[in-house]
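Undergrad: Structure in structure tokens, see below.
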There are 4 protein chains.
Amino acid sequence: MAGSSFGNHFTITTWGESHGKAIGVVVDGVPAGLSLSEEDLCIFLKRRRPGSNPYGTKRNEADMPEILSGVFEGKTTGTPISVMIRNTSQISRDYSNIANVYRPGHADYTFEQKFGFRDYRGGGRSSGRETIGRVVAGAIASKILASLNISVMAYTRAIGPIVAEGTHFSQKDIFSSPIYMPDLAASAKAEEYLTACMKETDSAGGIIECVVEHMPVGIGEPVFDKLDAQLAKALMSIGAVKAVEVGDGVLVSQKKGSENNDPFHIEDGKVQKSSNHSGGILGGMSDGSEIILRAHVKPTPSIAKSQNTVTNAGEETTISIHGRHDPVIVPRAVVVVESMVCVTILDLLMENMSSKLASIIDFYQK
Amino acid sequence: MAGSSFGNHFTITTWGESHGKAIGVVVDGVPAGLSLSEEDLCIFLKRRRPGSNPYGTKRNEADMPEILSGVFEGKTTGTPISVMIRNTSQISRDYSNIANVYRPGHADYTFEQKFGFRDYRGGGRSSGRETIGRVVAGAIASKILASLNISVMAYTRAIGPIVAEGTHFSQKDIFSSPIYMPDLAASAKAEEYLTACMKETDSAGGIIECVVEHMPVGIGEPVFDKLDAQLAKALMSIGAVKAVEVGDGVLVSQKKGSENNDPFHIEDGKVQKSSNHSGGILGGMSDGSEIILRAHVKPTPSIAKSQNTVTNAGEETTISIHGRHDPVIVPRAVVVVESMVCVTILDLLMENMSSKLASIIDFYQK
Amino acid sequence: MAGSSFGNHFTITTWGESHGKAIGVVVDGVPAGLSLSEEDLCIFLKRRRPGSNPYGTKRNEADMPEILSGVFEGKTTGTPISVMIRNTSQISRDYSNIANVYRPGHADYTFEQKFGFRDYRGGGRSSGRETIGRVVAGAIASKILASLNISVMAYTRAIGPIVAEGTHFSQKDIFSSPIYMPDLAASAKAEEYLTACMKETDSAGGIIECVVEHMPVGIGEPVFDKLDAQLAKALMSIGAVKAVEVGDGVLVSQKKGSENNDPFHIEDGKVQKSSNHSGGILGGMSDGSEIILRAHVKPTPSIAKSQNTVTNAGEETTISIHGRHDPVIVPRAVVVVESMVCVTILDLLMENMSSKLASIIDFYQK
Amino acid sequence: MAGSSFGNHFTITTWGESHGKAIGVVVDGVPAGLSLSEEDLCIFLKRRRPGSNPYGTKRNEADMPEILSGVFEGKTTGTPISVMIRNTSQISRDYSNIANVYRPGHADYTFEQKFGFRDYRGGGRSSGRETIGRVVAGAIASKILASLNISVMAYTRAIGPIVAEGTHFSQKDIFSSPIYMPDLAASAKAEEYLTACMKETDSAGGIIECVVEHMPVGIGEPVFDKLDAQLAKALMSIGAVKAVEVGDGVLVSQKKGSENNDPFHIEDGKVQKSSNHSGGILGGMSDGSEIILRAHVKPTPSIAKSQNTVTNAGEETTISIHGRHDPVIVPRAVVVVESMVCVTILDLLMENMSSKLASIIDFYQK
């Protein structure tokens, strides 16, 4: 596959450049019979929209999705759903100074080396705008998961050195922070930190955490399409993510087996884990506990501070990147993480349906 | 795909259970004309063999690979290479006490829930023995990469809290430690730590680092099959890995853009990065610097210490796991990490060949 | 994969329903550096456009393609090319009488059984309009093949019982017939036959032949992704095709080995076949001769003649299908066959580039 | 994918050369809980075994399959099933005369051009022995289909010009002919024809027909993974098949819509087709009628008659191929066709399970 598709059953194919005519996604394999409208998509898109927080790009774009196919009389038909969002705020001159210069921390150099040239307008295909397609697909997947009583919630765990305390946040907790950081004291400190970053014409990174509740047991395919392996790919495929953790993540290397194993017990007649160091995944399959994931996001590479770099003619130069850039992308990326988790989980839920012969017989003999 | 295959061009399909008749791999898409023998495979397999270090299982298995197809007169023919290793040391009674009990930290519970029952002998498919197939494939991929002058080297960065210092290790540095930890002072401390773990009938985790040198620029496919995304999947698909980092990894969230961006400069007439926080990957494509990856490995879940758990009949019980278990799997997993990195990189190198029209014309018009 | 994608390297994903807002395709894996404009697409689309011959639907639709992504300053960038065509001629009342009735020979019944309901407007996803996406992709693939000096030409071999004589037709021969039947005497007879069919309120089928010239030797991947296997899938995936032949096709069963084998000889210092019963494919790979394919197309199922059928409530009824239907789809399907052949061949040409280790080394060491 | 795998859910990967150490298949995605033993595989393998009819190769090979993984206590576990058959009758000197000569009608030339050299022993990978892996997979798929009450039966429809009359054959009818031709009068004539071919040191082709009964409605994925498209690929991927027909196949081009459409009626309260010109497939999905397929098989290219050809050094020569060759492969290929149909149908049955949202909810909420 050529790289712009993800998932084997619920298959998303994103397309579009930052400053092209439009951006979008084709979602194939959507089961028939789901109520779906543009409003469902807007709920998700609103969360990644520029201007949704004070620390985002000033690019003012409505990002109105148009469903072009796959929905009839308000319901999905089982055929591919094509969704397009017109780019309405392309100002190409904003980017004219970077046409021949490689921005540090960006994909300019690698794109040009791979393909021989590049669409230099706003990062082209490597722009964060590509994630619009992911979020549209995530909105669809999320609606299906909700009908299975599975909830997926992402939030800001950290901005720079400021870390949110607590667990088991509600959606209300998350949404009450302008940066989706459900510990409001931390959220306030993080806003101060971001304000300082902006003053320094610098940028910040952070950590996005995602929790999945009410996941059936046994989802994920040994040995390469493990639940955690697919989730790691899904999250690492988001630009700016440089590390992915499951459960206790990077802490496990320092623990002993007796500390890290989660004992089992019986509760209400059901098998339960007494702790959840595993983050809800054992042997690459969901174990019935909360799934816990963390994506570590690098600081936005576009900064107004002067940086050393080179031109594509091989000359050294400096660059200061002005314009409509986010000093931090974490808040807007929260819904991208949530979307990729929804898409990944749904894909594996669909795959799992044929794991047992008894299930197949049951399905076709009713 | 059903889960046991990895890669689109250089495609590996592993099969086999710990205590079945044999274990193996089919590698399809191997280019024709590579010299290959069982000896090439043994060089890699020896590094993961039980008994290769004092902290591994006492299971004594020669792990002699047999190449069944795809090689003719000492060279690969372009057809699938099937490699089988007979399991010669299965002692089923070793595992009789766990047939009906879910071992904490293992895949017993999730396997049984997914498939309705499980091969309880030694973990069955979820056993570390499955990685034999990966290492065989890694040995083949590594030979091809070597012919392209690309080197891939993994080593032990940490065992429990003991962290190796230094960078740019040679293979000699790595192999001079019995646990593949190239900082010999740290290696000695780590051995003490492991000895203590064994006395406590407990187990340890650690960190495996992998470095790729001389990588061409532009390898990796935007936007889902990014180099880092595929590597994250590859590493997270190894049992016991709970976190994956690229370059500065989890540290990036606390840094500012001006600290994290790698400036470009010209050196010897070529574009170079002045630092390598990115770990050799920008925008999901190799950027010409060293690729740096870290996999965080949890402590071996099989411990002799008593643990609370349940039976598959829903009764609470305790379990002490005796037998041939590694107190730490990190040293033996080093070559597994290296193998998965080789396989992933080679797959994307092959994919990259058709990125430019000029390359295709050049290929077919000569 | 969910069914709407084809190809592993040059990957096309079509979307859209006959009477939805729009119809289109995303083509991923297009190599960078190809000159491409909407005009290139129109050349192909014009050949399948309604009204292009007197025996096509009266639906009058301009079918103007809009390239939404993947092209910058007139050249492909290596990123996905999304092309959309608005449906401008949807008159839903045309189809109101068939909302609850299964049209014989159509996919109404099977779609409704699979998905629980269906978009009954003009066949929805199973409409011939879906092929617009294929033709757009074919136009792109064809341009790339032309730059490799590979030519692909399809034409009408038969309409009903009228069979064109001759071989080695030029594009001029083909285009001089309004039904793309390069034997003009046969073409005239076929037109009479079609006129008679229309008078009888009936419809006709036919045979489309496709010839590929200047194909490099060795294209196609043993053993499942053989060139002929992929071509058979490509052609059989076109609605209305009920048989696919390669070379002598259905005649081979009656021949003896000595009659069917193609001897080799040397001509101009090169290996040549002395005959071409194989149709240019041996062992699933191109053998350097002309590739010859035939697709057998059933008569259009939409006829005004009264037919027995049932409603989706399980009642027997009759149906006469009036409206804008083609009495024969063969002439308009010629370019669809040509497009699918172009896409399939290009995909396998790209796959073939990594078949030899020497090629990979050559590619990366220059 | 590199070419040796087929199927997305029930995924088979064959490997092995005619005169290598062994030949085999890995079947991934087999649902857990199926009773399976080597005996089940032998029932199918016996039908393709050399020596099973007087018109097959004299190569005497037991073809004893060994199940190496994926089965525990007599049942499939959901993990990959690896099956190996040792090649016990390789006599390399039989083939020494063809090492440097391209046999007409064989893949010698194309293999050598693609990969730079070839395993010349008995055709290597392009040998009919590769189909052993397909037949093993077919035996597994067939057992699963039987548990769903779906029957798949292939038989010889024609040998050379001798065509069997009749339809709705029983397995007993088929097996009572040594060449699996259920019209015994035709079978006798065909045997005479084959005897004559052998006297002339020539070879014969034929037609294999396959019928699927009790198929659920709606199986197959629009628009590229249609049931007929996947079946066409499956059959055309068998060496020697040069044409594939569905239902009335090549006859449809000469019929009118009113003759070719199958009217619907109600029978026993269910929707039924009044005829079956479609061969059980409408719009790429099963329509509830019998699925009818035909594969046209070319005469065996290995003949003792002298043929003109060339060496790989570019010199003209002649060749007479003596040794253990089938004068007709049709009888032995019957079970290969049946196997590929079983594998294809099962794969799409599994894919179909997630087509409706209601089915997914039903599956996970019980």
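By convention here, the chains of the structure tokens are called A, B, ... in the order presented, each chain's residues are numbered starting at 1, and ligands are numbered starting at 1 in the order presented.
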Tell me as a ChimeraX atom specification which residues belonging to chain B come within 8 Å of chain C, counting only C-alpha atoms.
TA: /B:9,29-34,78-79,144,147-148,216,222,350-351,353-358,360-361,363-365
Undergrad: Could you write out the selected residues, including N, CA, C and O atoms, as an mmCIF file, in the first residue's frame?
TA:
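This went into again17.cif:
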data_model
loop_
_atom_site.group_PDB
_atom_site.id
_atom_site.type_symbol
_atom_site.label_atom_id
_atom_site.label_comp_id
_atom_site.auth_asym_id
_atom_site.auth_seq_id
_atom_site.Cartn_x
_atom_site.Cartn_y
_atom_site.Cartn_z
ATOM 1 N N HIS B 9 6.526 -5.663 1.114
ATOM 2 C CA HIS B 9 7.408 -6.081 0.011
ATOM 3 C C HIS B 9 8.299 -7.228 0.474
ATOM 4 O O HIS B 9 8.384 -8.247 -0.165
ATOM 5 N N GLY B 29 9.306 -12.162 -0.968
ATOM 6 C CA GLY B 29 9.776 -10.882 -1.480
ATOM 7 C C GLY B 29 11.268 -10.672 -1.302
ATOM 8 O O GLY B 29 11.763 -9.562 -1.505
ATOM 9 N N VAL B 30 11.988 -11.718 -0.941
ATOM 10 C CA VAL B 30 13.452 -11.587 -0.848
ATOM 11 C C VAL B 30 13.993 -11.417 -2.268
ATOM 12 O O VAL B 30 13.710 -12.237 -3.140
ATOM 13 N N PRO B 31 14.744 -10.371 -2.530
ATOM 14 C CA PRO B 31 15.267 -10.190 -3.884
ATOM 15 C C PRO B 31 16.189 -11.342 -4.265
ATOM 16 O O PRO B 31 16.871 -11.914 -3.416
ATOM 17 N N ALA B 32 16.202 -11.651 -5.548
ATOM 18 C CA ALA B 32 17.024 -12.752 -6.047
ATOM 19 C C ALA B 32 18.488 -12.365 -6.090
ATOM 20 O O ALA B 32 18.828 -11.211 -6.332
ATOM 21 N N GLY B 33 19.364 -13.358 -5.830
ATOM 22 C CA GLY B 33 20.782 -13.143 -6.023
ATOM 23 C C GLY B 33 21.581 -12.934 -4.755
ATOM 24 O O GLY B 33 22.781 -12.664 -4.812
ATOM 25 N N LEU B 34 20.949 -13.071 -3.586
ATOM 26 C CA LEU B 34 21.675 -12.939 -2.318
ATOM 27 C C LEU B 34 22.271 -14.292 -1.934
ATOM 28 O O LEU B 34 21.553 -15.295 -1.900
ATOM 29 N N GLY B 78 14.403 -15.413 -5.415
ATOM 30 C CA GLY B 78 13.267 -14.503 -5.549
ATOM 31 C C GLY B 78 11.960 -15.130 -5.100
ATOM 32 O O GLY B 78 10.947 -14.439 -5.006
ATOM 33 N N THR B 79 11.975 -16.416 -4.822
ATOM 34 C CA THR B 79 10.763 -17.105 -4.351
ATOM 35 C C THR B 79 10.804 -17.193 -2.820
ATOM 36 O O THR B 79 11.833 -16.928 -2.205
ATOM 37 N N ILE B 144 21.101 -8.156 3.405
ATOM 38 C CA ILE B 144 20.789 -7.265 2.274
ATOM 39 C C ILE B 144 21.179 -5.829 2.620
ATOM 40 O O ILE B 144 21.794 -5.127 1.812
ATOM 41 N N SER B 147 24.755 -5.143 2.260
ATOM 42 C CA SER B 147 25.206 -4.962 0.873
ATOM 43 C C SER B 147 24.885 -3.556 0.376
ATOM 44 O O SER B 147 25.405 -3.121 -0.645
ATOM 45 N N LEU B 148 24.012 -2.853 1.101
ATOM 46 C CA LEU B 148 23.717 -1.453 0.800
ATOM 47 C C LEU B 148 24.512 -0.518 1.717
ATOM 48 O O LEU B 148 24.267 0.690 1.744
ATOM 49 N N PRO B 216 19.876 5.936 3.653
ATOM 50 C CA PRO B 216 19.567 6.943 2.634
ATOM 51 C C PRO B 216 18.475 7.893 3.132
ATOM 52 O O PRO B 216 17.680 7.526 4.002
ATOM 53 N N PRO B 222 4.792 8.740 3.725
ATOM 54 C CA PRO B 222 3.723 9.528 4.334
ATOM 55 C C PRO B 222 2.367 8.970 3.897
ATOM 56 O O PRO B 222 2.258 8.534 2.739
ATOM 57 N N MET B 350 12.536 -0.868 -0.210
ATOM 58 C CA MET B 350 12.006 -1.443 -1.445
ATOM 59 C C MET B 350 10.816 -0.615 -1.942
ATOM 60 O O MET B 350 10.707 -0.306 -3.124
ATOM 61 N N GLU B 351 9.936 -0.232 -1.021
ATOM 62 C CA GLU B 351 8.773 0.591 -1.383
ATOM 63 C C GLU B 351 9.200 1.900 -2.015
ATOM 64 O O GLU B 351 8.559 2.400 -2.947
ATOM 65 N N MET B 353 11.497 2.701 -3.982
ATOM 66 C CA MET B 353 12.124 2.703 -5.308
ATOM 67 C C MET B 353 11.228 3.271 -6.408
ATOM 68 O O MET B 353 11.719 3.705 -7.449
ATOM 69 N N SER B 354 9.924 3.287 -6.199
ATOM 70 C CA SER B 354 9.028 3.807 -7.236
ATOM 71 C C SER B 354 8.464 5.183 -6.891
ATOM 72 O O SER B 354 7.439 5.588 -7.429
ATOM 73 N N SER B 355 9.145 5.920 -6.008
ATOM 74 C CA SER B 355 8.621 7.227 -5.585
ATOM 75 C C SER B 355 8.675 8.289 -6.672
ATOM 76 O O SER B 355 7.858 9.197 -6.709
ATOM 77 N N LYS B 356 9.689 8.195 -7.530
ATOM 78 C CA LYS B 356 9.852 9.222 -8.579
ATOM 79 C C LYS B 356 9.639 8.607 -9.949
ATOM 80 O O LYS B 356 10.175 7.530 -10.246
ATOM 81 N N LEU B 357 8.944 9.312 -10.806
ATOM 82 C CA LEU B 357 8.762 8.844 -12.176
ATOM 83 C C LEU B 357 10.110 8.649 -12.862
ATOM 84 O O LEU B 357 10.324 7.664 -13.579
ATOM 85 N N ALA B 358 11.027 9.556 -12.600
ATOM 86 C CA ALA B 358 12.336 9.465 -13.246
ATOM 87 C C ALA B 358 13.035 8.152 -12.892
ATOM 88 O O ALA B 358 13.718 7.552 -13.723
ATOM 89 N N ILE B 360 11.577 5.270 -12.233
ATOM 90 C CA ILE B 360 10.919 4.158 -12.929
ATOM 91 C C ILE B 360 11.365 4.132 -14.384
ATOM 92 O O ILE B 360 11.692 3.081 -14.937
ATOM 93 N N ILE B 361 11.398 5.319 -14.995
ATOM 94 C CA ILE B 361 11.838 5.388 -16.394
ATOM 95 C C ILE B 361 13.276 4.894 -16.503
ATOM 96 O O ILE B 361 13.613 4.076 -17.352
ATOM 97 N N PHE B 363 14.820 2.858 -14.582
ATOM 98 C CA PHE B 363 14.891 1.412 -14.338
ATOM 99 C C PHE B 363 14.531 0.619 -15.587
ATOM 100 O O PHE B 363 15.201 -0.355 -15.927
ATOM 101 N N TYR B 364 13.474 1.025 -16.273
ATOM 102 C CA TYR B 364 12.969 0.206 -17.382
ATOM 103 C C TYR B 364 13.568 0.568 -18.727
ATOM 104 O O TYR B 364 13.370 -0.160 -19.695
ATOM 105 N N GLN B 365 14.272 1.680 -18.809
ATOM 106 C CA GLN B 365 14.777 2.065 -20.116
ATOM 107 C C GLN B 365 16.251 1.755 -20.289
ATOM 108 O O GLN B 365 16.801 1.982 -21.379
#
Undergrad: Would you return as JSON, numbers by chain the members of region 6-175 of chain C that DSSP assigns to alpha helix (DSSP H) on this structure's backbone?
TA: {"C": [38, 39, 40, 41, 42, 43, 44, 45, 46, 47, 48, 108, 109, 110, 111, 112, 113, 114, 115, 131, 132, 133, 134, 135, 136, 137, 138, 139, 140, 141, 142, 143, 144, 145, 146, 147, 171, 172, 173, 174, 175]}
Undergrad: Write a file of the selected residues as a compact mmCIF listing (two decimals), in the first residue's frame, keeping N, CA and C atoms.
TA:
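Output file part.txt follows:
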# COMPACT_ATOMS: atom_id res chain seq x y z
N GLU C 38 -6.24 18.45 -15.53
CA GLU C 38 -7.60 17.96 -15.75
C GLU C 38 -7.82 17.56 -17.21
N GLU C 39 -7.11 18.22 -18.12
CA GLU C 39 -7.28 17.89 -19.54
C GLU C 39 -6.87 16.44 -19.81
N ASP C 40 -5.80 15.99 -19.15
CA ASP C 40 -5.36 14.61 -19.32
C ASP C 40 -6.47 13.64 -18.94
N LEU C 41 -7.19 13.99 -17.90
CA LEU C 41 -8.27 13.11 -17.42
C LEU C 41 -9.44 13.16 -18.39
N CYS C 42 -9.72 14.33 -18.90
CA CYS C 42 -10.87 14.49 -19.80
C CYS C 42 -10.73 13.65 -21.06
N ILE C 43 -9.51 13.51 -21.55
CA ILE C 43 -9.31 12.70 -22.76
C ILE C 43 -9.85 11.29 -22.55
N PHE C 44 -9.61 10.74 -21.38
CA PHE C 44 -10.13 9.40 -21.09
C PHE C 44 -11.63 9.45 -20.77
N LEU C 45 -12.02 10.43 -19.95
CA LEU C 45 -13.42 10.47 -19.51
C LEU C 45 -14.38 10.66 -20.68
N LYS C 46 -13.92 11.41 -21.67
CA LYS C 46 -14.77 11.67 -22.83
C LYS C 46 -15.21 10.37 -23.49
N ARG C 47 -14.33 9.36 -23.43
CA ARG C 47 -14.62 8.09 -24.10
C ARG C 47 -15.70 7.28 -23.38
N ARG C 48 -15.91 7.54 -22.09
CA ARG C 48 -16.98 6.81 -21.40
C ARG C 48 -18.22 7.69 -21.14
N ASP C 108 -29.66 -5.05 -7.07
CA ASP C 108 -30.59 -4.55 -6.05
C ASP C 108 -30.78 -5.54 -4.90
N TYR C 109 -31.05 -6.79 -5.29
CA TYR C 109 -31.36 -7.82 -4.29
C TYR C 109 -30.14 -8.12 -3.42
N THR C 110 -29.00 -8.28 -4.07
CA THR C 110 -27.81 -8.66 -3.31
C THR C 110 -27.33 -7.53 -2.40
N PHE C 111 -27.37 -6.30 -2.87
CA PHE C 111 -27.00 -5.15 -2.03
C PHE C 111 -27.90 -5.09 -0.80
N GLU C 112 -29.19 -5.25 -1.03
CA GLU C 112 -30.12 -5.12 0.08
C GLU C 112 -29.94 -6.24 1.10
N GLN C 113 -29.62 -7.43 0.61
CA GLN C 113 -29.39 -8.55 1.54
C GLN C 113 -28.11 -8.35 2.32
N LYS C 114 -27.11 -7.82 1.69
CA LYS C 114 -25.82 -7.67 2.36
C LYS C 114 -25.85 -6.57 3.41
N PHE C 115 -26.42 -5.42 3.03
CA PHE C 115 -26.30 -4.24 3.89
C PHE C 115 -27.58 -3.89 4.64
N THR C 131 -17.43 3.63 -12.41
CA THR C 131 -16.23 3.44 -13.23
C THR C 131 -15.55 4.75 -13.61
N ILE C 132 -16.20 5.88 -13.36
CA ILE C 132 -15.54 7.16 -13.60
C ILE C 132 -14.22 7.22 -12.84
N GLY C 133 -14.25 6.78 -11.59
CA GLY C 133 -13.03 6.79 -10.78
C GLY C 133 -11.95 5.91 -11.40
N ARG C 134 -12.35 4.78 -11.94
CA ARG C 134 -11.38 3.87 -12.57
C ARG C 134 -10.75 4.53 -13.80
N VAL C 135 -11.60 5.24 -14.56
CA VAL C 135 -11.11 5.85 -15.79
C VAL C 135 -10.15 7.00 -15.48
N VAL C 136 -10.45 7.75 -14.44
CA VAL C 136 -9.52 8.81 -14.02
C VAL C 136 -8.17 8.19 -13.66
N ALA C 137 -8.21 7.12 -12.87
CA ALA C 137 -6.96 6.45 -12.49
C ALA C 137 -6.26 5.88 -13.71
N GLY C 138 -7.06 5.35 -14.64
CA GLY C 138 -6.48 4.80 -15.87
C GLY C 138 -5.79 5.86 -16.70
N ALA C 139 -6.36 7.05 -16.73
CA ALA C 139 -5.74 8.14 -17.48
C ALA C 139 -4.37 8.48 -16.91
N ILE C 140 -4.27 8.46 -15.59
CA ILE C 140 -2.98 8.76 -14.95
C ILE C 140 -1.98 7.63 -15.25
N ALA C 141 -2.43 6.39 -15.04
CA ALA C 141 -1.54 5.24 -15.27
C ALA C 141 -1.09 5.20 -16.73
N SER C 142 -2.01 5.49 -17.63
CA SER C 142 -1.70 5.44 -19.05
C SER C 142 -0.60 6.42 -19.41
N LYS C 143 -0.66 7.61 -18.78
CA LYS C 143 0.37 8.62 -19.06
C LYS C 143 1.74 8.14 -18.60
N ILE C 144 1.77 7.47 -17.47
CA ILE C 144 3.04 6.93 -16.97
C ILE C 144 3.54 5.82 -17.89
N LEU C 145 2.63 4.93 -18.29
CA LEU C 145 3.02 3.83 -19.19
C LEU C 145 3.55 4.39 -20.51
N ALA C 146 2.92 5.45 -21.00
CA ALA C 146 3.38 6.05 -22.25
C ALA C 146 4.82 6.53 -22.12
N SER C 147 5.16 7.05 -20.94
CA SER C 147 6.53 7.53 -20.74
C SER C 147 7.51 6.36 -20.68
N GLN C 171 -5.02 3.24 -33.20
CA GLN C 171 -5.98 4.04 -32.45
C GLN C 171 -6.93 4.74 -33.43
N LYS C 172 -6.39 5.11 -34.58
CA LYS C 172 -7.24 5.77 -35.58
C LYS C 172 -8.35 4.84 -36.04
N ASP C 173 -7.98 3.57 -36.31
CA ASP C 173 -8.99 2.57 -36.69
C ASP C 173 -10.10 2.51 -35.64
N ILE C 174 -9.67 2.46 -34.39
CA ILE C 174 -10.63 2.27 -33.30
C ILE C 174 -11.54 3.48 -33.19
N PHE C 175 -10.94 4.67 -33.21
CA PHE C 175 -11.72 5.88 -32.98
C PHE C 175 -12.58 6.27 -34.18
Undergrad: Might you pull out every residue within 7 Å of region 264-271 of chain C, with only C-alpha atoms counted and same-chain residues fewer than 2 positions away left off, and present them as a PyMOL selection string?
TA: (chain C and resi 262+273-274) or (chain D and resi 104+308-310+314+316)
Undergrad: Any chance you can output those residues with N, CA, C and O atoms as a CSV table (one decimal), in the first residue's frame?
TA:
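Done, and the output landed in out-v4.csv:
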chain,number,residue,atom,x,y,z
C,262,ASP,N,4.2,-22.0,-27.8
C,262,ASP,CA,4.8,-21.0,-28.6
C,262,ASP,C,6.3,-21.3,-28.7
C,262,ASP,O,7.0,-21.0,-27.7
C,273,LYS,N,9.1,-15.1,-29.4
C,273,LYS,CA,8.3,-16.2,-29.6
C,273,LYS,C,7.8,-16.3,-31.0
C,273,LYS,O,7.5,-15.2,-31.6
C,274,SER,N,7.7,-17.5,-31.6
C,274,SER,CA,7.3,-17.6,-33.0
C,274,SER,C,5.8,-17.5,-33.2
C,274,SER,O,5.3,-17.4,-34.3
D,104,PRO,N,9.3,-24.3,-24.3
D,104,PRO,CA,8.1,-23.6,-24.8
D,104,PRO,C,6.9,-23.8,-23.9
D,104,PRO,O,6.7,-24.9,-23.4
D,308,ASN,N,11.1,-26.2,-31.4
D,308,ASN,CA,12.1,-25.2,-31.6
D,308,ASN,C,12.2,-24.4,-30.4
D,308,ASN,O,11.1,-24.0,-29.8
D,309,THR,N,13.4,-24.0,-29.9
D,309,THR,CA,13.5,-23.1,-28.8
D,309,THR,C,14.9,-22.5,-28.8
D,309,THR,O,15.7,-22.7,-29.8
D,310,VAL,N,15.3,-21.8,-27.7
D,310,VAL,CA,16.6,-21.2,-27.6
D,310,VAL,C,17.2,-21.5,-26.3
D,310,VAL,O,16.5,-21.9,-25.3
D,314,GLY,N,21.4,-17.6,-25.9
D,314,GLY,CA,20.9,-16.9,-27.1
D,314,GLY,C,21.1,-17.7,-28.4
D,314,GLY,O,21.2,-17.2,-29.5
D,316,GLU,N,19.8,-20.9,-31.0
D,316,GLU,CA,18.6,-21.7,-31.3
D,316,GLU,C,18.9,-23.1,-31.2
D,316,GLU,O,20.0,-23.6,-31.4
Undergrad: If I take CA of Asn312 (chain A) and CA of Leu231 (chain B), how far is one from the other in Å, to one decimal?
TA: 28.5 Å
Undergrad: Env of region 192-202 of chain B: 6 Å cut, atoms = only C-alpha atoms, seq-sep filter 4 positions within chain, self excluded. Answer as a list of chain:residue names.
TA: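 Contacts, with the query itself left out: A:Gly257, B:Ile303, B:Ala304, B:Lys305.
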Undergrad: Separation of CA of Ser275 (chain A) and CA of Glu191 (chain B), in Å?
TA: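 According to the coordinates, CA of Ser275 (chain A) and CA of Glu191 (chain B) are separated by 29.4 Å.
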Undergrad: To one decimal place, how far is CA of Leu36 (chain B) from CA of Met64 (chain B) in Å?
TA: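 Distance reported for this atom pair: 15.1 Å.
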Undergrad: Counting only C-alpha atoms, what is within 7 Å of Val297 (chain C), bar same-chain residues fewer than 4 positions away, as a list of chain:residue names?
TA: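 Listing them by chain and then by number gives C:Gly205, C:Gly206, C:Ile207, C:Ala240, C:Val241, C:Lys242, C:Val330, D:Val252, D:Ser253.
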Undergrad: Report as a PyMOL selection string all protein, DNA and RNA residues lying within 10 Å of region 155-157 of chain D, evaluated on only C-alpha atoms, omitting residues in the same chain fewer than 6 positions from it.
TA: chain D and resi 163-167+169+171+173-175+177+179-183+186-187+206-211+294-296+330-335+337-338
Undergrad: Pick from C:Ala190, C:Ile12, C:Val71, C:Ile345: nearest to Lys226 (chain C), with only C-alpha atoms counted?
TA: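 Closest to Lys226 (chain C), using only C-alpha atoms: C:Ile345.
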Undergrad: As a PyMOL selection string, please: every residue in region 20-82 of chain C that DSSP puts in strand (DSSP E).
TA: chain C and resi 22-28+65-67+71-72+75-76+81-82
Undergrad: If you count only C-alpha atoms, which residues fall within 7 Å of region 283-289 of chain B, apart from same-chain ones fewer than 2 positions away, as a VMD selection string?
TA: (chain A and resid 106 to 107 110 126 239) or (chain B and resid 215 to 222 226 to 228 276 280 to 281 291)
Undergrad: Nearest residue to Leu68 (chain C) out of A:Ala229, A:Ala185, A:Ile23, A:Val83, using only C-alpha atoms?
TA: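 The shortest atom-to-atom distance to Leu68 (chain C) comes from A:Ile23.
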